[in-house]
$ cat upload_19.pdb   # PDB, C-alpha atoms
ATOM      1  CA  MET Q1004       1.853 -35.776 -27.867
ATOM      2  CA  LEU Q1005      -1.914 -35.352 -28.186
ATOM      3  CA  VAL Q1006      -2.316 -35.302 -24.395
ATOM      4  CA  LYS Q1007       0.466 -32.718 -24.052
ATOM      5  CA  PHE Q1008      -1.170 -30.582 -26.754
ATOM      6  CA  LEU Q1009      -4.560 -30.703 -25.024
ATOM      7  CA  ILE Q1010      -3.004 -29.764 -21.665
ATOM      8  CA  THR Q1011      -1.184 -26.809 -23.261
ATOM      9  CA  VAL Q1012      -4.346 -25.551 -24.955
ATOM     10  CA  THR Q1013      -6.306 -25.895 -21.717
ATOM     11  CA  VAL Q1014      -3.708 -23.894 -19.750
ATOM     12  CA  LEU Q1015      -3.618 -21.165 -22.389
ATOM     13  CA  PHE Q1016      -7.420 -20.993 -22.408
ATOM     14  CA  LEU Q1017      -7.799 -20.856 -18.628
ATOM     15  CA  SER Q1018      -4.841 -18.599 -17.751
ATOM     16  CA  PRO Q1019      -6.571 -15.310 -18.681
ATOM     17  CA  LEU Q1020      -9.491 -16.297 -16.446
ATOM     18  CA  SER Q1021      -7.260 -17.159 -13.488
ATOM     19  CA  VAL Q1022      -5.897 -13.626 -13.493
ATOM     20  CA  PHE Q1023      -9.254 -12.385 -12.283
ATOM     21  CA  ALA Q1024      -9.941 -15.107  -9.681
ATOM     22  CA  GLY Q1025     -10.121 -13.479  -6.271
ATOM     23  CA  THR Q1026      -8.972 -10.143  -7.679
ATOM     24  CA  PHE Q1027     -10.000  -6.551  -7.007
ATOM     25  CA  LEU Q1028      -8.749  -3.995  -9.533
ATOM     26  CA  GLU Q1029      -9.194  -0.212  -9.373
ATOM     27  CA  THR Q1030      -7.975   1.855 -12.329
ATOM     28  CA  PHE Q1031     -10.112   4.966 -11.644
ATOM     29  CA  ASP Q1032     -11.718   4.837 -15.087
ATOM     30  CA  ASP Q1033     -15.252   5.456 -13.832
ATOM     31  CA  LYS Q1034     -14.607   8.980 -12.467
ATOM     32  CA  ALA Q1035     -15.794   7.982  -8.983
ATOM     33  CA  LEU Q1036     -14.416   6.700  -5.696
ATOM     34  CA  GLU Q1037     -17.352   4.497  -4.797
ATOM     35  CA  GLY Q1038     -16.452   1.997  -2.098
ATOM     36  CA  TRP Q1039     -13.432   3.959  -0.864
ATOM     37  CA  GLN Q1040     -13.237   5.726   2.513
ATOM     38  CA  GLN Q1041     -10.634   8.153   3.805
ATOM     39  CA  ILE Q1042      -9.128   7.994   7.285
ATOM     40  CA  TRP Q1043      -6.598  10.391   8.767
ATOM     41  CA  VAL Q1044      -5.006  11.361  12.061
ATOM     42  CA  ASP Q1045      -6.358  14.895  12.374
ATOM     43  CA  LYS Q1046      -6.466  18.338  10.712
ATOM     44  CA  GLY Q1047      -8.881  17.163   8.025
ATOM     45  CA  PRO Q1048      -8.702  15.057   4.854
ATOM     46  CA  ALA Q1049      -6.366  15.197   1.892
ATOM     47  CA  VAL Q1050      -7.557  16.161  -1.607
ATOM     48  CA  TRP Q1051      -8.358  13.248  -3.939
ATOM     49  CA  GLU Q1052      -9.374  13.866  -7.559
ATOM     50  CA  ILE Q1053      -9.606  11.599 -10.592
ATOM     51  CA  VAL Q1054      -7.935  13.211 -13.630
ATOM     52  CA  ASP Q1055      -7.432  11.393 -16.949
ATOM     53  CA  ASP Q1056      -8.264   8.014 -15.367
ATOM     54  CA  GLU Q1057      -5.667   8.440 -12.606
ATOM     55  CA  LEU Q1058      -6.105   9.420  -8.971
ATOM     56  CA  HIS Q1059      -4.385  12.687  -8.049
ATOM     57  CA  ALA Q1060      -3.828  13.186  -4.321
ATOM     58  CA  GLU Q1061      -2.463  16.068  -2.293
ATOM     59  CA  SER Q1062      -1.622  16.371   1.397
ATOM     60  CA  ARG Q1063       0.057  19.412   2.919
ATOM     61  CA  GLU Q1064       0.120  18.069   6.461
ATOM     62  CA  ALA Q1065       2.610  15.972   8.410
ATOM     63  CA  TYR Q1066      -0.100  13.407   9.231
ATOM     64  CA  ILE Q1067      -0.854  10.336   7.150
ATOM     65  CA  HIS Q1068      -4.027  10.257   5.051
ATOM     66  CA  LEU Q1069      -5.211   6.825   3.921
ATOM     67  CA  LEU Q1070      -7.764   5.926   1.252
ATOM     68  CA  THR Q1071      -9.139   2.500   2.157
ATOM     69  CA  THR Q1072     -11.442  -0.219   0.849
ATOM     70  CA  GLY Q1073     -12.333  -3.825   1.654
ATOM     71  CA  ASP Q1074     -13.702  -5.211   4.922
ATOM     72  CA  THR Q1075     -12.881  -7.361   7.917
ATOM     73  CA  THR Q1076     -13.432 -10.613   5.985
ATOM     74  CA  TRP Q1077     -10.367 -10.128   3.766
ATOM     75  CA  GLU Q1078      -7.685 -12.409   5.149
ATOM     76  CA  ASN Q1079      -4.587 -13.461   3.157
ATOM     77  CA  TYR Q1080      -3.827 -11.422   0.050
ATOM     78  CA  THR Q1081      -1.364  -9.279  -1.885
ATOM     79  CA  MET Q1082      -1.894  -5.590  -2.543
ATOM     80  CA  GLU Q1083       0.038  -3.543  -5.101
ATOM     81  CA  PHE Q1084      -0.227  -0.247  -6.946
ATOM     82  CA  ASP Q1085       1.610   2.312  -9.057
ATOM     83  CA  VAL Q1086       2.468   5.742  -7.692
ATOM     84  CA  LYS Q1087       4.156   8.790  -9.168
ATOM     85  CA  PRO Q1088       5.203  11.450  -6.618
ATOM     86  CA  LEU Q1089       4.948  14.901  -8.188
ATOM     87  CA  LYS Q1090       5.936  17.299  -5.412
ATOM     88  CA  LYS Q1091       7.080  17.153  -1.804
ATOM     89  CA  HIS Q1092       5.789  19.782   0.629
ATOM     90  CA  GLY Q1093       7.793  18.949   3.760
ATOM     91  CA  ILE Q1094       8.634  15.960   5.924
ATOM     92  CA  GLY Q1095       6.449  13.364   4.233
ATOM     93  CA  GLY Q1096       5.949   9.882   2.864
ATOM     94  CA  ILE Q1097       4.047   7.408   0.680
ATOM     95  CA  SER Q1098       2.261   4.462   2.301
ATOM     96  CA  ILE Q1099       0.755   1.075   1.412
ATOM     97  CA  ALA Q1100      -1.505  -0.520   4.034
ATOM     98  CA  VAL Q1101      -3.081  -3.938   4.648
ATOM     99  CA  ARG Q1102      -5.229  -5.476   7.387
ATOM    100  CA  VAL Q1103      -6.967  -2.113   7.811
ATOM    101  CA  ASP Q1104      -9.624  -2.371  10.502
ATOM    102  CA  ARG Q1105     -11.150   0.997  11.322
ATOM    103  CA  THR Q1106      -8.127   2.937  12.648
ATOM    104  CA  TRP Q1107      -5.673   0.022  13.051
ATOM    105  CA  PHE Q1108      -3.526  -1.223  10.174
ATOM    106  CA  VAL Q1109      -0.189  -2.636   9.006
ATOM    107  CA  SER Q1110       1.722  -0.449   6.558
ATOM    108  CA  CYS Q1111       5.003   0.054   4.736
ATOM    109  CA  ASN Q1112       6.131   3.660   4.375
ATOM    110  CA  ILE Q1113       8.815   5.366   2.319
ATOM    111  CA  SER Q1114       9.462   8.629   4.137
ATOM    112  CA  ASP Q1115      12.019  11.015   5.644
ATOM    113  CA  PRO Q1116      11.167  11.360   9.349
ATOM    114  CA  VAL Q1117      13.138  13.310  11.918
ATOM    115  CA  ILE Q1118      15.024  10.823  14.106
ATOM    116  CA  ILE Q1119      16.040  11.549  17.705
ATOM    117  CA  ARG Q1120      18.664   9.277  19.245
ATOM    118  CA  GLY Q1121      19.497   9.942  22.864
ATOM    119  CA  ASP Q1122      21.200  13.275  23.406
ATOM    120  CA  ASP Q1123      22.281  13.633  19.754
ATOM    121  CA  PRO Q1124      20.806  16.466  17.660
ATOM    122  CA  PRO Q1125      17.705  15.484  15.628
ATOM    123  CA  VAL Q1126      18.498  14.268  12.117
ATOM    124  CA  GLN Q1127      16.212  13.822   9.102
ATOM    125  CA  GLU Q1128      16.702  10.461   7.357
ATOM    126  CA  GLU Q1129      15.238   8.817   4.248
ATOM    127  CA  ARG Q1130      13.902   5.413   5.333
ATOM    128  CA  ILE Q1131      11.634   2.471   4.587
ATOM    129  CA  SER Q1132       9.661   1.239   7.571
ATOM    130  CA  CYS Q1133       6.959  -1.394   7.961
ATOM    131  CA  GLY Q1134       4.897  -2.080  11.038
ATOM    132  CA  ALA Q1135       1.526  -2.195  12.773
ATOM    133  CA  THR Q1136      -0.012   0.861  14.395
ATOM    134  CA  GLY Q1137      -3.177   2.922  14.727
ATOM    135  CA  LEU Q1138      -4.452   6.399  13.970
ATOM    136  CA  HIS Q1139      -6.318   7.277  17.150
ATOM    137  CA  ARG Q1140      -5.093   9.815  19.712
ATOM    138  CA  PRO Q1141      -2.932   9.548  21.681
ATOM    139  CA  LEU Q1142      -0.910   7.697  19.066
ATOM    140  CA  PRO Q1143      -0.608   4.006  20.027
ATOM    141  CA  PRO Q1144       2.669   2.045  20.034
ATOM    142  CA  ARG Q1145       4.061   0.678  16.778
ATOM    143  CA  ALA Q1146       5.066  -2.961  16.297
ATOM    144  CA  ILE Q1147       8.049  -2.808  13.934
ATOM    145  CA  LEU Q1148       8.605  -5.235  11.060
ATOM    146  CA  ILE Q1149      11.482  -3.375   9.391
ATOM    147  CA  ASP Q1150      13.059   0.074   9.655
ATOM    148  CA  GLU Q1151      16.122   0.893   7.563
ATOM    149  CA  LEU Q1152      17.735   3.596   5.461
ATOM    150  CA  HIS Q1153      16.439   3.832   1.892
ATOM    151  CA  PRO Q1154      16.141   6.654  -0.684
ATOM    152  CA  LEU Q1155      12.783   8.338  -1.199
ATOM    153  CA  LEU Q1156      10.732   7.660  -4.300
ATOM    154  CA  ARG Q1157      11.932   9.784  -7.195
ATOM    155  CA  LEU Q1158       9.734  12.686  -8.227
ATOM    156  CA  ASN Q1159       7.951  12.442 -11.582
ATOM    157  CA  ARG Q1160       8.792   8.738 -11.959
ATOM    158  CA  TRP Q1161       6.427   5.798 -11.580
ATOM    159  CA  ALA Q1162       7.126   3.372  -8.744
ATOM    160  CA  HIS Q1163       5.448   0.055  -7.912
ATOM    161  CA  LEU Q1164       4.692  -0.907  -4.296
ATOM    162  CA  LYS Q1165       3.625  -4.421  -3.307
ATOM    163  CA  LEU Q1166       2.761  -5.778   0.145
ATOM    164  CA  SER Q1167       1.758  -9.395   0.817
ATOM    165  CA  VAL Q1168       0.235 -10.866   3.995
ATOM    166  CA  GLU Q1169      -0.193 -14.536   4.886
ATOM    167  CA  GLY Q1170      -1.304 -15.125   8.462
ATOM    168  CA  ASN Q1171       1.054 -12.947  10.483
ATOM    169  CA  ILE Q1172       3.828 -13.021   7.841
ATOM    170  CA  PHE Q1173       4.371  -9.863   5.762
ATOM    171  CA  THR Q1174       6.525  -9.330   2.638
ATOM    172  CA  PHE Q1175       7.251  -6.019   0.868
ATOM    173  CA  TRP Q1176       8.552  -5.257  -2.635
ATOM    174  CA  LEU Q1177       9.505  -1.959  -4.286
ATOM    175  CA  ASN Q1178       9.802  -1.867  -8.084
ATOM    176  CA  GLY Q1179      10.042  -5.651  -8.197
ATOM    177  CA  GLU Q1180      12.808  -5.865  -5.583
ATOM    178  CA  GLN Q1181      12.045  -7.625  -2.315
ATOM    179  CA  ILE Q1182      12.848  -5.023   0.335
ATOM    180  CA  MET Q1183      11.469  -6.959   3.302
ATOM    181  CA  ALA Q1184      11.749 -10.749   3.298
ATOM    182  CA  PRO Q1185       8.801 -12.667   4.792
ATOM    183  CA  THR Q1186       8.713 -11.307   8.343
ATOM    184  CA  LYS Q1187       6.574 -12.326  11.290
ATOM    185  CA  LEU Q1188       4.665  -9.602  13.110
ATOM    186  CA  LEU Q1189       5.374  -9.957  16.820
ATOM    187  CA  ILE Q1190       3.202  -8.127  19.335
ATOM    188  CA  PHE Q1191       4.542  -8.437  22.871
ATOM    189  CA  ARG Q1192       1.333  -8.233  24.864
ATOM    190  CA  GLN Q1193       3.201  -8.696  28.129
ATOM    191  CA  ILE Q1194       4.551  -5.167  27.618
ATOM    192  CA  GLU Q1195       2.207  -2.747  29.330
ATOM    193  CA  VAL Q1196       2.104  -0.193  26.514
ATOM    194  CA  PHE Q1197       0.826  -2.825  24.036
ATOM    195  CA  ALA Q1198      -1.701  -4.277  26.468
ATOM    196  CA  ASN Q1199      -3.137  -0.870  27.327
ATOM    197  CA  ALA Q1200      -3.509   0.036  23.655
ATOM    198  CA  ASN Q1201      -5.726  -3.017  23.005
ATOM    199  CA  PHE Q1202      -3.510  -3.999  20.067
ATOM    200  CA  PRO Q1203      -5.456  -6.161  17.551
ATOM    201  CA  ASP Q1204      -4.267  -9.488  16.111
ATOM    202  CA  PHE Q1205      -4.316  -8.208  12.487
ATOM    203  CA  GLN Q1206      -5.643 -11.498  11.085
ATOM    204  CA  THR Q1207      -8.124  -9.829   8.714
ATOM    205  CA  GLY Q1208      -8.912  -6.388   7.301
ATOM    206  CA  GLY Q1209      -9.103  -4.207   4.216
ATOM    207  CA  VAL Q1210      -6.418  -2.348   2.256
ATOM    208  CA  GLY Q1211      -5.339   1.236   1.784
ATOM    209  CA  PHE Q1212      -2.783   3.607   0.354
ATOM    210  CA  GLY Q1213      -1.876   7.135   1.273
ATOM    211  CA  LEU Q1214       0.540   9.973   1.723
ATOM    212  CA  TRP Q1215       1.510  12.932   3.838
ATOM    213  CA  ASN Q1216       3.116  16.186   2.687
ATOM    214  CA  TYR Q1217       3.131  14.973  -0.922
ATOM    215  CA  THR Q1218       1.330  15.541  -4.188
ATOM    216  CA  ALA Q1219       1.203  12.248  -6.089
ATOM    217  CA  ILE Q1220      -0.684  10.165  -8.664
ATOM    218  CA  PHE Q1221      -1.961   6.668  -7.831
ATOM    219  CA  ASP Q1222      -3.193   4.043 -10.285
ATOM    220  CA  ASN Q1223      -3.798   0.321 -10.870
ATOM    221  CA  ILE Q1224      -4.692  -0.648  -7.304
ATOM    222  CA  THR Q1225      -4.740  -4.464  -7.324
ATOM    223  CA  VAL Q1226      -5.611  -6.900  -4.523
ATOM    224  CA  THR Q1227      -5.462 -10.666  -5.070
ATOM    225  CA  GLY Q1228      -6.390 -13.437  -2.647
ATOM    226  CA  ASP Q1229      -8.874 -16.228  -2.012
ATOM    227  CA  SER Q1230     -10.854 -14.086   0.446
ATOM    228  CA  VAL Q1231     -11.023 -11.099  -1.932
ATOM    229  CA  PRO Q1232     -14.233 -10.845  -3.999
ATOM    230  CA  ASN Q1233     -13.843 -10.264  -7.723
ATOM    231  CA  GLY Q1234     -14.540  -6.660  -8.585
ATOM    232  CA  GLY Q1235     -13.302  -3.517 -10.226
ATOM    233  CA  ASP Q1236     -12.331  -2.400 -13.689
ATOM    234  CA  PHE Q1237     -11.779  -5.504 -15.819
ATOM    235  CA  ASP Q1238     -11.878  -4.103 -19.327
ATOM    236  CA  VAL Q1239      -9.677  -3.526 -22.346
ATOM    237  CA  THR Q1240      -8.821   0.017 -21.280
ATOM    238  CA  SER Q1241      -7.580  -1.193 -17.915
ATOM    239  CA  GLN Q1242      -5.301  -3.780 -19.484
ATOM    240  CA  GLY Q1243      -3.912  -1.126 -21.807
ATOM    241  CA  LYS Q1244      -3.159   1.148 -18.868
ATOM    242  CA  LEU Q1245      -1.434  -1.683 -17.022
ATOM    243  CA  ALA Q1246       0.801  -2.383 -20.010
ATOM    244  CA  THR Q1247       1.654   1.310 -20.352
ATOM    245  CA  THR Q1248       2.520   1.645 -16.684
ATOM    246  CA  TRP Q1249       4.798  -1.375 -16.674
ATOM    247  CA  GLY Q1250       6.462   0.049 -19.750
ATOM    248  CA  ASN Q1251       7.234   3.189 -17.782
ATOM    249  CA  LEU Q1252       8.680   1.139 -14.917
ATOM    250  CA  LYS Q1253      11.273  -0.350 -17.259
ATOM    251  CA  GLU Q1254      12.947   3.083 -17.343
ATOM    252  CA  PHE Q1255      14.358   2.724 -13.817
TER
END
$ encode --input "upload_19.pdb" --output "structure tokens"
Amino acid sequence: MLVKFLITVTVLFLSPLSVFAGTFLETFDDKALEGWQQIWVDKGPAVWEIVDDELHAESREAYIHLLTTGDTTWENYTMEFDVKPLKKHGIGGISIAVRVDRTWFVSCNISDPVIIRGDDPPVQEERISCGATGLHRPLPPRAILIDELHPLLRLNRWAHLKLSVEGNIFTFWLNGEQIMAPTKLLIFRQIEVFANANFPDFQTGGVGFGLWNYTAIFDNITVTGDSVPNGGDFDVTSQGKLATTWGNLKEF
């Protein structure tokens, strides 16, 4: 019994510390975006502004804007964040990205693109898609992980996006539900279009999140993994915000 008691006490003592091992947390409490860089396709950047310890973002273009951090040494990790879409300005989407290396990345997007199938009239569909692509012009090919019908995020409601990468296996969750089971990224280099695009292997890279044709609030950006250096906003205020946000998510 004494041994069991000592083990229990040790676990309880160490568990709060393990939360922060290999963890990067951004809660936007310091009124700055130090360490973050924006990348976009063209037509200029989106608007990013910290208001009341949350990041407000606005894009009025049909081109993705990503806010990114991390470097090429980050390898296997999980990224997650909270987002509240406020207004939609046209055909648009919300994105979570991993393995970001300059203008190449792997992302999962919740959007409503216009789909063209053969000779049928174009149709706009609400979808979730995950895959690897780049931002440079002309737009490179996209290696698809998943692409299926799914409702857009609800306006004025918090949502939680989570994307995990282990080697070349990717897993995606939305509001705690696994939308994409562990899926291997396959890049067929024997296909000319992939070979000519100099498609990377996506074994390492930073993280990002973004939007197009949306106004939204982002918060509680969290990245955990052995290759991720500890950093960010580890304080009482941050933990309070995390608890409040998860309380809001229970309303789904």
$ atom_distance --input "upload_19.pdb" --atom1 "CA of Ser1167 (chain Q)" --atom2 "CA of Asn1201 (chain Q)"
24.3 Å
$ closest_atom_pairs --input "upload_19.pdb" --of "region 1075-1165 of chain Q" --to "region 1183-1192 of chain Q" --cutoff "9 Å" --atoms "all atoms listed in the file" --output "Markdown table"
| residue | atom | partner | partner_atom | distance |
| --- | --- | --- | --- | --- |
| Q:Cys1133 | CA | Q:Met1183 | CA | 8.5 |
| Q:Gly1134 | CA | Q:Leu1188 | CA | 7.8 |
| Q:Ala1135 | CA | Q:Leu1188 | CA | 8.1 |
| Q:Ala1146 | CA | Q:Ile1190 | CA | 6.3 |
| Q:Ile1147 | CA | Q:Leu1188 | CA | 7.6 |
| Q:Leu1148 | CA | Q:Leu1188 | CA | 6.2 |
| Q:Ile1149 | CA | Q:Met1183 | CA | 7.1 |
$ resolve_selection --input "upload_19.pdb" --expression "the PyMOL selection byres ((chain Q and resi 1111-1126) around 8)" --output "ChimeraX atom specification"
/Q:1094-1100,1109-1110,1127-1134,1153,1155-1156,1166,1175
$ closest_residue --input "upload_19.pdb" --among "Q:Trp1077, Q:Trp1051, Q:Phe1212, Q:Tyr1217" --to "Ala1065 (chain Q)" --atoms "only C-alpha atoms"
Q:Tyr1217
$ closest_residue --input "upload_19.pdb" --among "Q:Asn1159, Q:Thr1207, Q:Thr1075, Q:Ser1062" --to "His1092 (chain Q)" --atoms "only C-alpha atoms"
Q:Ser1062
$ closest_residue --input "upload_19.pdb" --among "Q:Ile1067, Q:Ala1060, Q:Ile1172, Q:Leu1177" --to "Pro1088 (chain Q)" --atoms "all atoms listed in the file"
Q:Ala1060
$ residues_around --input "upload_19.pdb" --residues "Val1050 (chain Q)" --least-positions-apart "4" --cutoff "10 Å" --atoms "all atoms listed in the file" --output "number ranges by chain"
Q: 1059-1063, 1068, 1218
$ atom_distance --input "upload_19.pdb" --atom1 "CA of Glu1052 (chain Q)" --atom2 "CA of Gly1137 (chain Q)"
25.6 Å
$ residues_around --input "upload_19.pdb" --residues "region 1104-1107 of chain Q" --least-positions-apart "4" --cutoff "12 Å" --atoms "all atoms listed in the file" --output "compact mmCIF listing (two decimals) with C-alpha atoms, in the coordinates of the input"
# COMPACT_ATOMS: atom_id res chain seq x y z
CA GLN Q 1040 -13.24 5.73 2.51
CA GLN Q 1041 -10.63 8.15 3.80
CA ILE Q 1042 -9.13 7.99 7.28
CA TRP Q 1043 -6.60 10.39 8.77
CA VAL Q 1044 -5.01 11.36 12.06
CA ILE Q 1067 -0.85 10.34 7.15
CA HIS Q 1068 -4.03 10.26 5.05
CA LEU Q 1069 -5.21 6.82 3.92
CA LEU Q 1070 -7.76 5.93 1.25
CA THR Q 1071 -9.14 2.50 2.16
CA THR Q 1072 -11.44 -0.22 0.85
CA GLY Q 1073 -12.33 -3.82 1.65
CA ASP Q 1074 -13.70 -5.21 4.92
CA THR Q 1075 -12.88 -7.36 7.92
CA THR Q 1076 -13.43 -10.61 5.98
CA TRP Q 1077 -10.37 -10.13 3.77
CA GLU Q 1078 -7.68 -12.41 5.15
CA ALA Q 1100 -1.50 -0.52 4.03
CA GLY Q 1134 4.90 -2.08 11.04
CA ALA Q 1135 1.53 -2.19 12.77
CA THR Q 1136 -0.01 0.86 14.40
CA GLY Q 1137 -3.18 2.92 14.73
CA LEU Q 1138 -4.45 6.40 13.97
CA HIS Q 1139 -6.32 7.28 17.15
CA ARG Q 1140 -5.09 9.82 19.71
CA LEU Q 1142 -0.91 7.70 19.07
CA PRO Q 1143 -0.61 4.01 20.03
CA PRO Q 1144 2.67 2.04 20.03
CA ARG Q 1145 4.06 0.68 16.78
CA ALA Q 1146 5.07 -2.96 16.30
CA ALA Q 1200 -3.51 0.04 23.66
CA ASN Q 1201 -5.73 -3.02 23.00
CA PHE Q 1202 -3.51 -4.00 20.07
CA PRO Q 1203 -5.46 -6.16 17.55
CA ASP Q 1204 -4.27 -9.49 16.11
CA PHE Q 1205 -4.32 -8.21 12.49
CA GLN Q 1206 -5.64 -11.50 11.08
CA THR Q 1207 -8.12 -9.83 8.71
CA GLY Q 1208 -8.91 -6.39 7.30
CA GLY Q 1209 -9.10 -4.21 4.22
CA VAL Q 1210 -6.42 -2.35 2.26
CA GLY Q 1211 -5.34 1.24 1.78
$ resolve_selection --input "upload_19.pdb" --expression "the PyMOL selection byres ((chain Q and resi 1231) around 8)" --output "list in words"
Gly1025, Thr1026, Phe1027, Trp1077, Glu1078, Tyr1080, Val1226, Thr1227, Gly1228, Asp1229, Ser1230, Pro1232 and Asn1233 of chain Q
$ atom_distance --input "upload_19.pdb" --atom1 "CA of Ala1049 (chain Q)" --atom2 "CA of Phe1221 (chain Q)"
13.7 Å
$ residues_around --input "upload_19.pdb" --residues "Val1168 (chain Q)" --least-positions-apart "4" --cutoff "8 Å" --atoms "all atoms listed in the file" --output "short mmCIF file (atom, residue, chain, number, x, y, z; two decimals) with C-alpha atoms, keeping the file's coordinate frame"
data_model
loop_
_atom_site.label_atom_id
_atom_site.label_comp_id
_atom_site.auth_asym_id
_atom_site.auth_seq_id
_atom_site.Cartn_x
_atom_site.Cartn_y
_atom_site.Cartn_z
CA ASN Q 1079 -4.59 -13.46 3.16
CA TYR Q 1080 -3.83 -11.42 0.05
CA THR Q 1081 -1.36 -9.28 -1.88
CA VAL Q 1101 -3.08 -3.94 4.65
CA ILE Q 1172 3.83 -13.02 7.84
CA PHE Q 1173 4.37 -9.86 5.76
CA THR Q 1174 6.52 -9.33 2.64
#
$ residues_around --input "upload_19.pdb" --residues "Lys1087 (chain Q)" --least-positions-apart "4" --cutoff "7 Å" --atoms "all atoms listed in the file" --output "number ranges by chain"
Q: 1158-1162, 1219-1221
$ axis_aligned_box --input "upload_19.pdb" --around "region 1175-1192 of chain Q" --padding-each-side "4 Å" --output "AutoDock Vina command-line options"
--center_x 7.1 --center_y -7.3 --center_z 8.3 --size_x 19.5 --size_y 18.8 --size_z 41.1
$ resolve_selection --input "upload_19.pdb" --expression "the PyMOL selection byres ((chain Q and resi 1163) around 10)" --output "number ranges by chain"
Q: 1083-1087, 1156, 1161-1162, 1164-1165, 1176-1180, 1221-1223, 1248-1249, 1252
